[in-house]
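File shown here: target.cif, holding mmCIF, C-alpha atoms.
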data_entry
loop_
_atom_site.label_atom_id
_atom_site.label_comp_id
_atom_site.auth_asym_id
_atom_site.auth_seq_id
_atom_site.Cartn_x
_atom_site.Cartn_y
_atom_site.Cartn_z
CA MET A 1 11.16 -6.00 3.10
CA SER A 2 12.67 -2.53 3.34
CA ALA A 3 10.82 0.65 4.27
CA ILE A 4 12.45 3.97 3.38
CA THR A 5 11.25 7.38 4.58
CA LEU A 6 12.18 10.50 2.63
CA ALA A 7 11.96 14.24 2.77
CA VAL A 8 11.77 15.86 -0.66
CA GLU A 9 13.02 19.37 -0.07
CA VAL A 10 12.12 22.40 -2.18
CA THR A 11 14.64 25.17 -1.78
CA ARG A 12 14.55 28.87 -2.60
CA GLY A 13 17.98 30.42 -2.65
CA GLN A 14 19.96 28.62 0.02
CA SER A 15 17.00 27.82 2.28
CA VAL A 16 14.40 25.03 2.39
CA GLU A 17 11.00 26.56 1.61
CA SER A 18 8.78 23.45 1.47
CA VAL A 19 9.05 19.76 2.33
CA HIS A 20 7.15 16.76 0.92
CA ARG A 21 7.28 13.57 2.99
CA ALA A 22 7.39 10.29 1.07
CA VAL A 23 7.52 6.59 1.89
CA GLY A 24 8.99 3.86 -0.30
CA VAL A 25 8.64 0.11 0.15
CA VAL A 26 10.83 -2.46 -1.59
CA CYS A 27 10.04 -6.15 -1.20
CA SER A 28 10.27 -9.56 -2.79
CA GLY A 29 7.36 -11.25 -4.48
CA THR A 30 8.23 -14.54 -2.77
CA GLU A 31 8.09 -13.36 0.84
CA GLY A 32 5.16 -14.27 3.04
CA ALA A 33 2.31 -11.82 3.40
CA GLU A 34 2.99 -8.95 5.79
CA SER A 35 0.09 -6.83 6.97
CA CYS A 36 0.41 -3.12 7.57
CA VAL A 37 -3.34 -2.50 7.88
CA GLY A 38 -3.86 0.33 10.34
CA ASP A 39 -0.60 2.07 9.41
CA PRO A 40 -1.79 5.35 7.82
CA ILE A 41 1.58 6.03 6.18
CA LEU A 42 1.62 2.80 4.17
CA LEU A 43 -2.04 2.64 3.15
CA THR A 44 -3.14 4.50 0.03
CA PHE A 45 -5.21 4.12 -3.13
CA TRP A 46 -3.54 2.31 -6.02
CA ARG A 47 -4.98 4.67 -8.63
CA SER A 48 -3.54 4.31 -12.16
CA ALA A 49 -0.59 2.24 -10.95
CA MET A 50 -2.97 -0.75 -11.02
CA LYS A 51 -3.61 -0.45 -14.79
CA PRO A 52 -1.25 -3.28 -15.80
CA PHE A 53 -3.34 -5.66 -13.67
CA GLN A 54 -6.61 -4.32 -15.08
CA THR A 55 -5.24 -5.14 -18.55
CA LEU A 56 -4.35 -8.78 -17.85
CA PRO A 57 -7.88 -10.15 -18.59
CA LEU A 58 -7.63 -8.78 -22.13
CA ILE A 59 -4.84 -11.25 -22.84
CA GLU A 60 -6.05 -14.13 -20.69
CA ASP A 61 -9.62 -14.05 -22.06
CA GLY A 62 -8.63 -13.76 -25.74
CA VAL A 63 -9.82 -10.17 -26.17
CA VAL A 64 -6.53 -9.17 -27.80
CA GLU A 65 -6.87 -11.84 -30.50
CA ALA A 66 -10.58 -11.25 -31.00
CA PHE A 67 -10.08 -7.58 -31.88
CA ASP A 68 -6.63 -7.90 -33.45
CA PHE A 69 -4.96 -5.82 -30.77
CA GLY A 70 -1.18 -5.77 -30.75
CA MET A 71 1.57 -4.50 -28.49
CA GLU A 72 0.55 -0.87 -29.01
CA GLU A 73 -3.03 -1.48 -27.91
CA ILE A 74 -1.85 -3.41 -24.83
CA ALA A 75 0.50 -0.55 -23.95
CA LEU A 76 -2.32 1.99 -24.25
CA ALA A 77 -4.61 -0.12 -22.07
CA CYS A 78 -1.90 0.10 -19.38
CA ALA A 79 -1.22 3.78 -19.98
CA SER A 80 -1.64 7.10 -18.30
CA HIS A 81 -0.93 8.64 -21.67
CA GLY A 82 -0.19 12.22 -22.64
CA GLY A 83 -2.88 12.71 -25.28
CA THR A 84 -0.32 12.99 -28.08
CA ASP A 85 -1.32 12.24 -31.67
CA ALA A 86 0.33 8.82 -31.36
CA HIS A 87 -1.64 8.01 -28.20
CA VAL A 88 -4.95 9.19 -29.59
CA GLU A 89 -4.38 7.26 -32.84
CA VAL A 90 -3.98 3.95 -31.00
CA VAL A 91 -7.02 4.52 -28.78
CA GLY A 92 -8.96 5.45 -31.92
CA ARG A 93 -7.93 2.14 -33.48
CA MET A 94 -9.20 0.29 -30.41
CA LEU A 95 -12.54 2.06 -30.60
CA GLY A 96 -12.69 1.43 -34.36
CA ALA A 97 -12.24 -2.29 -33.80
CA LEU A 98 -15.19 -2.15 -31.40
CA ARG A 99 -17.21 -0.02 -33.85
CA ILE A 100 -17.96 2.62 -31.22
CA ASP A 101 -16.96 6.26 -30.81
CA SER A 102 -15.23 7.99 -27.93
CA GLU A 103 -18.51 9.04 -26.33
CA ALA A 104 -18.87 5.43 -25.17
CA LEU A 105 -15.88 5.99 -22.86
CA HIS A 106 -16.97 6.72 -19.29
CA CYS A 107 -13.88 8.86 -18.57
CA GLY A 108 -14.57 12.57 -18.97
CA ALA A 109 -13.06 14.96 -21.49
CA GLN A 110 -9.60 16.05 -20.41
CA ALA A 111 -6.92 18.28 -21.92
CA PRO A 112 -3.83 16.29 -22.95
CA PHE A 113 -1.19 15.87 -20.25
CA ASP A 114 1.45 16.58 -22.90
CA PRO A 115 1.81 20.41 -23.01
CA ASP A 116 2.68 20.54 -26.73
CA SER A 117 -0.34 18.42 -27.64
CA ALA A 118 -2.63 20.56 -25.48
CA PHE A 119 -1.22 23.71 -27.11
CA ARG A 120 -1.77 22.40 -30.65
CA LEU A 121 -5.33 21.41 -29.76
CA ARG A 122 -6.06 24.94 -28.52
CA CYS A 123 -4.44 26.51 -31.58
CA ALA A 124 -6.65 24.39 -33.81
CA GLY A 125 -9.70 25.70 -31.97
CA ARG A 126 -10.65 22.21 -30.81
CA GLU A 127 -11.97 21.18 -27.42
CA PRO A 128 -10.38 18.17 -25.71
CA GLY A 129 -12.51 15.05 -25.76
CA ARG A 130 -12.77 11.81 -23.85
CA ILE A 131 -10.23 10.22 -26.16
CA HIS A 132 -7.63 12.71 -24.85
CA ASN A 133 -8.23 11.57 -21.27
CA ASN A 134 -5.08 9.87 -19.96
CA CYS A 135 -7.19 6.81 -19.06
CA SER A 136 -8.96 6.43 -22.41
CA GLY A 137 -6.91 3.35 -23.35
CA LYS A 138 -7.87 1.58 -20.14
CA HIS A 139 -11.55 2.38 -20.72
CA ALA A 140 -11.35 1.19 -24.33
CA GLY A 141 -9.88 -2.08 -23.02
CA MET A 142 -12.73 -2.46 -20.53
CA LEU A 143 -15.28 -1.90 -23.30
CA ALA A 144 -13.49 -4.53 -25.39
CA LEU A 145 -13.69 -6.97 -22.46
CA ALA A 146 -17.44 -6.37 -22.20
CA ARG A 147 -17.98 -6.76 -25.95
CA HIS A 148 -15.93 -9.97 -26.10
CA HIS A 149 -17.96 -11.62 -23.34
CA GLY A 150 -21.29 -10.33 -24.60
CA TRP A 151 -21.89 -8.24 -21.48
CA ASP A 152 -24.00 -5.10 -21.64
CA ALA A 153 -21.45 -2.28 -21.66
CA ASP A 154 -23.76 0.06 -19.78
CA GLY A 155 -22.31 0.68 -16.33
CA TYR A 156 -19.03 -1.13 -17.09
CA TRP A 157 -17.36 1.22 -14.60
CA ARG A 158 -19.44 0.06 -11.61
CA LEU A 159 -17.90 -2.32 -9.09
CA ASP A 160 -20.91 -4.67 -9.44
CA HIS A 161 -20.60 -4.89 -13.26
CA PRO A 162 -19.18 -8.11 -14.80
CA VAL A 163 -16.20 -6.15 -16.22
CA GLN A 164 -15.10 -5.01 -12.77
CA GLY A 165 -15.94 -8.43 -11.35
CA ARG A 166 -13.61 -10.03 -13.90
CA ILE A 167 -10.87 -7.58 -12.91
CA LEU A 168 -11.38 -8.42 -9.23
CA THR A 169 -10.92 -12.10 -10.06
CA ALA A 170 -7.81 -11.32 -12.10
CA LEU A 171 -6.26 -9.40 -9.19
CA LYS A 172 -6.40 -12.27 -6.70
CA PRO A 173 -3.23 -14.18 -7.75
CA TRP A 174 -1.11 -11.05 -7.41
CA MET A 175 -2.25 -9.77 -4.04
CA ASP A 176 -1.75 -10.85 -0.42
CA ILE A 177 -5.29 -9.92 0.61
CA ASP A 178 -8.52 -10.77 -1.21
CA PRO A 179 -9.23 -7.68 -3.34
CA GLU A 180 -12.82 -7.62 -2.13
CA ALA A 181 -11.56 -7.13 1.45
CA HIS A 182 -10.01 -3.78 0.53
CA GLU A 183 -11.78 -0.45 0.59
CA TRP A 184 -12.73 0.66 -2.93
CA ALA A 185 -13.49 4.18 -4.14
CA LEU A 186 -13.83 5.92 -7.50
CA ASP A 187 -10.68 6.90 -9.37
CA GLY A 188 -10.42 10.20 -11.24
CA CYS A 189 -11.65 8.57 -14.44
CA GLY A 190 -14.74 7.07 -12.80
CA VAL A 191 -13.77 3.40 -12.28
CA PRO A 192 -13.10 1.74 -8.91
CA THR A 193 -9.66 1.69 -7.30
CA PRO A 194 -8.61 -0.11 -4.07
CA ARG A 195 -6.84 1.24 -0.98
CA LEU A 196 -4.07 -1.10 0.09
CA PRO A 197 -0.65 -1.24 1.76
CA LEU A 198 2.31 -0.04 -0.28
CA ARG A 199 4.05 -3.34 0.32
CA GLU A 200 1.16 -5.19 -1.34
CA MET A 201 1.55 -2.95 -4.40
CA ALA A 202 5.29 -3.59 -4.46
CA ARG A 203 4.84 -7.33 -4.08
CA ALA A 204 2.24 -7.44 -6.87
CA TYR A 205 4.70 -5.77 -9.24
CA ALA A 206 7.45 -8.19 -8.21
CA ARG A 207 5.13 -11.11 -8.93
CA LEU A 208 4.10 -9.64 -12.28
CA VAL A 209 7.65 -9.46 -13.66
CA SER A 210 8.56 -12.83 -12.12
CA SER A 211 5.56 -14.45 -13.82
CA ALA A 212 6.52 -12.78 -17.10
CA ARG A 213 10.01 -14.31 -16.87
CA ASP A 214 8.42 -17.68 -16.13
CA GLY A 215 6.45 -17.44 -19.37
CA ARG A 216 2.94 -16.67 -18.11
CA PRO A 217 1.39 -15.25 -21.32
CA ASP A 218 -0.73 -12.45 -19.89
CA ALA A 219 2.03 -11.14 -17.61
CA ALA A 220 4.64 -11.48 -20.37
CA ALA A 221 2.50 -9.53 -22.85
CA VAL A 222 1.88 -6.66 -20.41
CA VAL A 223 5.52 -6.42 -19.28
CA ARG A 224 6.79 -6.54 -22.86
CA ALA A 225 4.35 -3.87 -24.08
CA MET A 226 5.17 -1.51 -21.23
CA THR A 227 8.95 -1.89 -21.36
CA GLU A 228 9.29 -1.93 -25.15
CA ARG A 229 6.79 0.90 -25.76
CA PRO A 230 7.12 3.19 -22.72
CA ASP A 231 6.42 6.09 -25.08
CA LEU A 232 2.85 4.80 -25.31
CA THR A 233 2.30 4.05 -21.62
CA SER A 234 3.54 7.51 -20.58
CA SER A 235 4.63 10.76 -22.25
CA PRO A 236 7.72 13.01 -22.53
CA GLY A 237 9.13 14.24 -19.23
CA ARG A 238 7.02 11.93 -17.09
CA ALA A 239 8.84 9.84 -14.47
CA PRO A 240 7.83 6.35 -15.74
CA LEU A 241 9.01 7.09 -19.29
CA VAL A 242 12.31 8.56 -18.05
CA LEU A 243 12.86 5.59 -15.72
CA MET A 244 12.18 2.96 -18.37
CA GLU A 245 14.24 4.71 -21.05
CA ALA A 246 17.19 5.38 -18.71
CA THR A 247 17.32 1.68 -17.77
CA ASP A 248 16.70 0.39 -21.34
CA GLY A 249 13.52 -1.33 -20.18
CA ARG A 250 15.17 -3.12 -17.25
CA LEU A 251 12.69 -1.40 -14.95
CA LEU A 252 8.94 -1.49 -15.47
CA ALA A 253 7.35 1.66 -14.03
CA LYS A 254 3.81 2.98 -13.72
CA GLU A 255 2.54 6.09 -11.97
CA GLY A 256 -0.75 6.85 -10.28
CA ALA A 257 -2.35 10.09 -9.19
CA GLU A 258 -1.68 11.68 -5.80
CA GLY A 259 2.01 10.84 -5.75
CA VAL A 260 1.96 7.05 -6.26
CA LEU A 261 4.49 5.19 -8.41
CA CYS A 262 5.15 1.45 -8.65
CA LEU A 263 7.95 -0.36 -10.42
CA ALA A 264 9.83 -3.63 -10.62
CA SER A 265 13.05 -4.96 -12.08
CA ILE A 266 12.45 -7.45 -14.88
CA GLU A 267 15.76 -9.14 -13.98
CA ASP A 268 15.07 -10.16 -10.38
CA ASP A 269 12.40 -10.63 -7.73
CA TRP A 270 12.02 -7.12 -6.33
CA GLY A 271 9.14 -4.67 -6.63
CA MET A 272 8.78 -1.16 -5.28
CA ALA A 273 6.02 1.29 -4.39
CA VAL A 274 6.38 4.96 -3.46
CA LYS A 275 3.81 7.38 -2.07
CA VAL A 276 4.29 11.12 -1.62
CA GLU A 277 2.06 11.73 1.38
CA ASP A 278 0.64 15.10 0.29
CA GLY A 279 0.20 13.94 -3.32
CA GLY A 280 2.69 16.49 -4.65
CA LEU A 281 3.70 15.36 -8.13
CA ARG A 282 6.91 17.40 -8.17
CA ALA A 283 8.23 15.20 -5.37
CA VAL A 284 7.60 11.83 -7.05
CA GLY A 285 10.68 11.68 -9.26
CA PRO A 286 13.25 12.63 -6.58
CA ALA A 287 11.60 10.23 -4.12
CA VAL A 288 11.61 7.30 -6.55
CA VAL A 289 15.25 7.73 -7.57
CA ALA A 290 16.26 8.09 -3.91
CA VAL A 291 14.54 4.81 -3.04
CA LEU A 292 16.12 3.07 -6.03
CA GLU A 293 19.57 4.21 -4.93
CA GLU A 294 19.01 3.47 -1.25
CA ALA A 295 17.73 -0.03 -2.11
CA ASP A 296 20.64 -0.65 -4.49
CA MET A 297 18.31 -1.18 -7.45
CA ILE A 298 20.03 0.93 -10.13
CA THR A 299 23.54 1.05 -11.51
CA LYS A 300 25.83 4.04 -11.32
CA SER A 301 25.36 4.75 -15.02
CA GLU A 302 21.56 4.56 -14.65
CA SER A 303 21.75 6.93 -11.69
CA ARG A 304 23.66 9.42 -13.83
CA ALA A 305 21.02 9.09 -16.57
CA LEU A 306 18.36 9.94 -13.98
CA GLU A 307 20.04 13.08 -12.67
CA ALA A 308 17.38 15.33 -14.23
CA LEU A 309 14.72 13.51 -12.20
CA GLN A 310 16.44 13.37 -8.83
CA ASP A 311 17.60 17.00 -8.52
CA TYR A 312 16.04 19.59 -10.78
CA PRO A 313 15.66 23.39 -10.83
CA ILE A 314 12.70 25.61 -10.06
CA ARG A 315 12.57 28.60 -12.40
CA ASN A 316 10.66 31.85 -12.16
CA THR A 317 8.67 33.45 -14.97
CA LEU A 318 11.88 35.01 -16.34
CA GLY A 319 13.51 31.61 -16.68
CA ALA A 320 16.00 32.19 -13.87
CA GLU A 321 16.76 29.34 -11.47
CA VAL A 322 15.45 30.25 -8.01
CA GLY A 323 15.58 26.90 -6.22
CA ARG A 324 15.89 23.11 -6.46
CA VAL A 325 13.80 20.00 -5.77
CA ARG A 326 15.72 17.07 -4.29
CA ALA A 327 15.23 14.14 -1.93
CA ARG A 328 16.88 13.36 1.39
CA VAL A 329 16.62 9.94 3.04
CA THR A 330 15.52 10.36 6.67
CA ALA A 331 15.17 6.68 7.69
CA SER A 332 15.95 3.36 6.05
CA GLU A 333 15.70 -0.27 7.11
CA GLY A 334 18.03 -2.81 5.57
CA ILE A 335 16.95 -5.33 2.94
CA PRO A 336 17.74 -8.84 4.19
CA GLY A 337 19.24 -10.96 1.44
CA ARG A 338 19.22 -8.21 -1.19
CA THR A 339 21.69 -8.93 -3.96
CA GLY A 340 22.53 -6.56 -6.79
CA GLY A 341 24.44 -6.47 -10.05
CA SER A 342 28.12 -5.74 -10.35
CA GLU A 343 27.57 -2.02 -10.95
CA ARG A 344 24.80 -1.28 -8.43
CA ALA A 345 24.93 2.17 -6.90
CA ALA A 346 24.67 2.28 -3.12
CA GLY A 347 23.33 5.34 -1.35
CA GLY A 348 21.00 8.36 -1.51
CA GLY A 349 18.53 9.83 -4.51
CA GLU A 350 11.85 12.65 -9.93
CA GLN A 351 9.44 14.51 -11.97
CA GLY A 352 6.34 12.51 -11.27
CA PRO A 353 3.06 12.01 -13.09
#
Representation of the structure as C-alpha cells:
Amino acid sequence: MSAITLAVEVTRGQSVESVHRAVGVVCSGTEGAESCVGDPILLTFWRSAMKPFQTLPLIEDGVVEAFDFGMEEIALACASHGGTDAHVEVVGRMLGALRIDSEALHCGAQAPFDPDSAFRLRCAGREPGRIHNNCSGKHAGMLALARHHGWDADGYWRLDHPVQGRILTALKPWMDIDPEAHEWALDGCGVPTPRLPLREMARAYARLVSSARDGRPDAAAVVRAMTERPDLTSSPGRAPLVLMEATDGRLLAKEGAEGVLCLASIEDDWGMAVKVEDGGLRAVGPAVVAVLEEADMITKSESRALEALQDYPIRNTLGAEVGRVRARVTASEGIPGRTGGSERAAGGGEQGP
C-alpha cells in the first residue's frame, strides 16, 4: 500500500494564492485488510464513485436480460453523466422499458453538467428535469431492480428497502469491512452512501478489474461498459472521461462529489482512490495525475496526453491567463513490490467532476 499526500496549488501571477490538500491511496486487491478507521484524512464518503458496485446486481440478478438492456444502459447506470442528448436518450430508453416516466426517479431535477447541453435547454425555454440529473441512470437501474424482483418501488432509495438491501449484499465481496458496519448518509441524489477508508475504495476497484479479467460476468460487464463507453459514464472535459480516453480504456475511472475519484488499471492488480480534502473539484484532476505518476501507473505518452488535466490555466473574464492549477507531491511512501510496464513514467503530476 502506498499513501501519497499532495498540495494542489492555485497561482496568480508568480505567487501561490490558494492551496488544496489531497490524499491518494494506491493498493493491491490481494493484500490483507488494513484498517485506517480513526484517521480523518483517509475516511470519506464514497459518493458516486460507488456506482459501478451499485450496478452489479443488475447483471447478476438478470435485470439486464429481462429489460433488454445493453452496454449503453449499463454504462448509464454507472454514470455521473452530463445530461447531453445522448445521455438523456439512453436513460429515456431505460424508463421506457420499465413503462414509467422520469417523475418516478427519486433524484431531483438538475441542470445538465454539460455546459452546452444546459445552454441549449435554456435557449429552448425548457426547465431541467429529473432525467437530466447526473444520477438518473443509477436511479433508473434501481427501479429496474425493484421491478424485476417484484418489490414495491416506493421508497427504493431508503437504506431499509429491498433494493438497497440487495446492494449492501452485493458490496460485501469487494470490501474489507462489512458494509453495514460503515456509517451511511444520504448522497446528493437522495440514496445512501457509505463513509469508508480510501484504501478500501482503492482495493474494491482493484478487485473489480481483477474479477473482470477472471471472467466474472457482472464485473466484466461493468468494466467493459465503462471503459468502452466512457462518453456515457462521464461527459466532455470531466476527469474520468479524459483519463479513460487518454489511456485507451486501460484505466477505469469514476468520480464522486466532494473531490473523490477512484480508478484501477484493467491490466494489473492495482486500484487507486483520491480525495481532495476541501472538496474542491478544480483540484481533482491535478491530484489524480500526480498520484498516477508518483505510483508509476501511467506511461510517458499517457502522461503527455493528460497534460491539460495536470497543469491548466485560470483565465479572467477577458480570457487572459492569470494563474495556473497544478499539483505538488509533499509526501510519498513507497509501493512494495510494485511493477510497471516498459514505458511507465516515474515521478510527479486534473479537472475533476
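The residues returned by the PyMOL selection byres ((chain A and resi 279) around 9) on the shown structure are His20, Ala257, Glu258, Gly259, Val260, Lys275, Val276, Glu277, Asp278, Gly280, Leu281, Arg282, Ala283 and Val284 of chain A.
Taking atom CA of Ala290 of chain A and atom CA of Thr330 of chain A as the two end points, the separation is 10.8 Å.
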key: Residues selected by the PyMOL selection byres ((chain A and resi 175-185) around 9), written as a PyMOL selection string   = chain A and resi 32-35+45+159+168-169+171-174+186-187+191-196+200-201+203-204+207
ask   = Could you tell me, as a ChimeraX atom specification, which residues have any atom at most 9 Å from (5.5, -2.0, -20.4), counting only C-alpha atoms?
value = /A:52,74-75,78-79,221-230,232-233,244,249,252-254
Hits of the PyMOL selection byres ((chain A and resi 63) around 9) in this structure, as a list in words =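 Answer for the PyMOL selection byres ((chain A and resi 63) around 9): Pro57, Leu58, Ile59, Glu60, Asp61, Gly62, Val64, Glu65, Ala66, Phe67, Asp68, Phe69, Gly141, Ala144, Leu145, Arg147, His148 and His149 of chain A.
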Near-Gly323 of chain A list (7 Å; all atoms listed in the file; drop same-chain fewer than 5 positions) as a short mmCIF file (atom, residue, chain, number, x, y, z; two decimals) with C-alpha atoms, keeping the file's coordinate frame:
data_model
loop_
_atom_site.label_atom_id
_atom_site.label_comp_id
_atom_site.auth_asym_id
_atom_site.auth_seq_id
_atom_site.Cartn_x
_atom_site.Cartn_y
_atom_site.Cartn_z
CA VAL A 10 12.12 22.40 -2.18
CA THR A 11 14.64 25.17 -1.78
CA ARG A 12 14.55 28.87 -2.60
CA GLY A 13 17.98 30.42 -2.65
CA PRO A 313 15.66 23.39 -10.83
CA ILE A 314 12.70 25.61 -10.06
#
Please list, as a compact mmCIF listing (two decimals) with C-alpha atoms, in the coordinates of the input, the residues that have an atom at most 9 Å away from (-14.0, 5.7, -26.4) in the coordinates of this file, counting only C-alpha atoms.
# COMPACT_ATOMS: atom_id res chain seq x y z
CA VAL A 91 -7.02 4.52 -28.78
CA GLY A 92 -8.96 5.45 -31.92
CA MET A 94 -9.20 0.29 -30.41
CA LEU A 95 -12.54 2.06 -30.60
CA ILE A 100 -17.96 2.62 -31.22
CA ASP A 101 -16.96 6.26 -30.81
CA SER A 102 -15.23 7.99 -27.93
CA GLU A 103 -18.51 9.04 -26.33
CA ALA A 104 -18.87 5.43 -25.17
CA LEU A 105 -15.88 5.99 -22.86
CA HIS A 106 -16.97 6.72 -19.29
CA CYS A 107 -13.88 8.86 -18.57
CA ARG A 130 -12.77 11.81 -23.85
CA ILE A 131 -10.23 10.22 -26.16
CA SER A 136 -8.96 6.43 -22.41
CA GLY A 137 -6.91 3.35 -23.35
CA HIS A 139 -11.55 2.38 -20.72
CA ALA A 140 -11.35 1.19 -24.33
CA LEU A 143 -15.28 -1.90 -23.30
request  = Pick out the closest residue to His87 of chain A from this set: A:Gln164, A:Ser28, A:Ser117, A:Thr55. Count only C-alpha atoms.
outcome  =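 Between A:Gln164, A:Ser28, A:Ser117, A:Thr55, the residue approaching His87 of chain A most closely is A:Ser117.
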Please list as a short mmCIF file (atom, residue, chain, number, x, y, z; two decimals) with C-alpha atoms, keeping the file's coordinate frame every residue within 8 Å of Phe53 of chain A, counting all atoms listed in the file and excluding residues in the same chain fewer than 2 positions away.
data_model
loop_
_atom_site.label_atom_id
_atom_site.label_comp_id
_atom_site.auth_asym_id
_atom_site.auth_seq_id
_atom_site.Cartn_x
_atom_site.Cartn_y
_atom_site.Cartn_z
CA MET A 50 -2.97 -0.75 -11.02
CA LYS A 51 -3.61 -0.45 -14.79
CA THR A 55 -5.24 -5.14 -18.55
CA LEU A 56 -4.35 -8.78 -17.85
CA ILE A 167 -10.87 -7.58 -12.91
CA ALA A 170 -7.81 -11.32 -12.10
CA LEU A 171 -6.26 -9.40 -9.19
#
inquiry  = I'd like to know which of A:Ala206, A:Ser15, A:Asp114, A:Asp152 is closest to Ala219 of chain A, using all atoms listed in the file.
reply    = A:Ala206
ask   = Could you work out how far atom CA of Ala308 of chain A lies from atom CA of Leu6 of chain A, giving the answer in Å with one decimal?
value = 18.3 Å
query = In Å, with one decimal, what is the gap from atom CA of Ala239 of chain A to atom CA of Glu267 of chain A?
reply =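 Distance reported for this atom pair: 20.2 Å.
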Specify the axis-aligned box that encloses all atoms of segment 244-252 of chain A listed in the file after padding of 6 Å on each side, stating its centre and edge lengths in Å to one decimal as AutoDock Vina command-line options.
--center_x 13.1 --center_y 1.1 --center_z -18.1 --size_x 20.4 --size_y 20.5 --size_z 18.4
key: Nearest-residue call for Ala7 of chain A, choices A:Ala86, A:Val289, A:His81, A:Arg328, using only C-alpha atoms   =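 The answer is A:Arg328, which sits nearest to Ala7 of chain A.
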Residue among A:Cys27, A:Ala49, A:Cys189, A:Ala97 lying closest to Ala109 of chain A, counting all atoms listed in the file =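 With all atoms listed in the file as the atom set, the closest residue is A:Cys189.
If you measure from each of A:His132, A:Leu98, A:Cys123, A:Arg213 to Ala146 of chain A using only C-alpha atoms, the closest one turns out to be A:Leu98.
For the choices A:Thr247, A:Thr84, A:Ser265, A:Gln54, the atom-to-atom distance to Val209 of chain A is smallest for A:Ser265 when using all atoms listed in the file.
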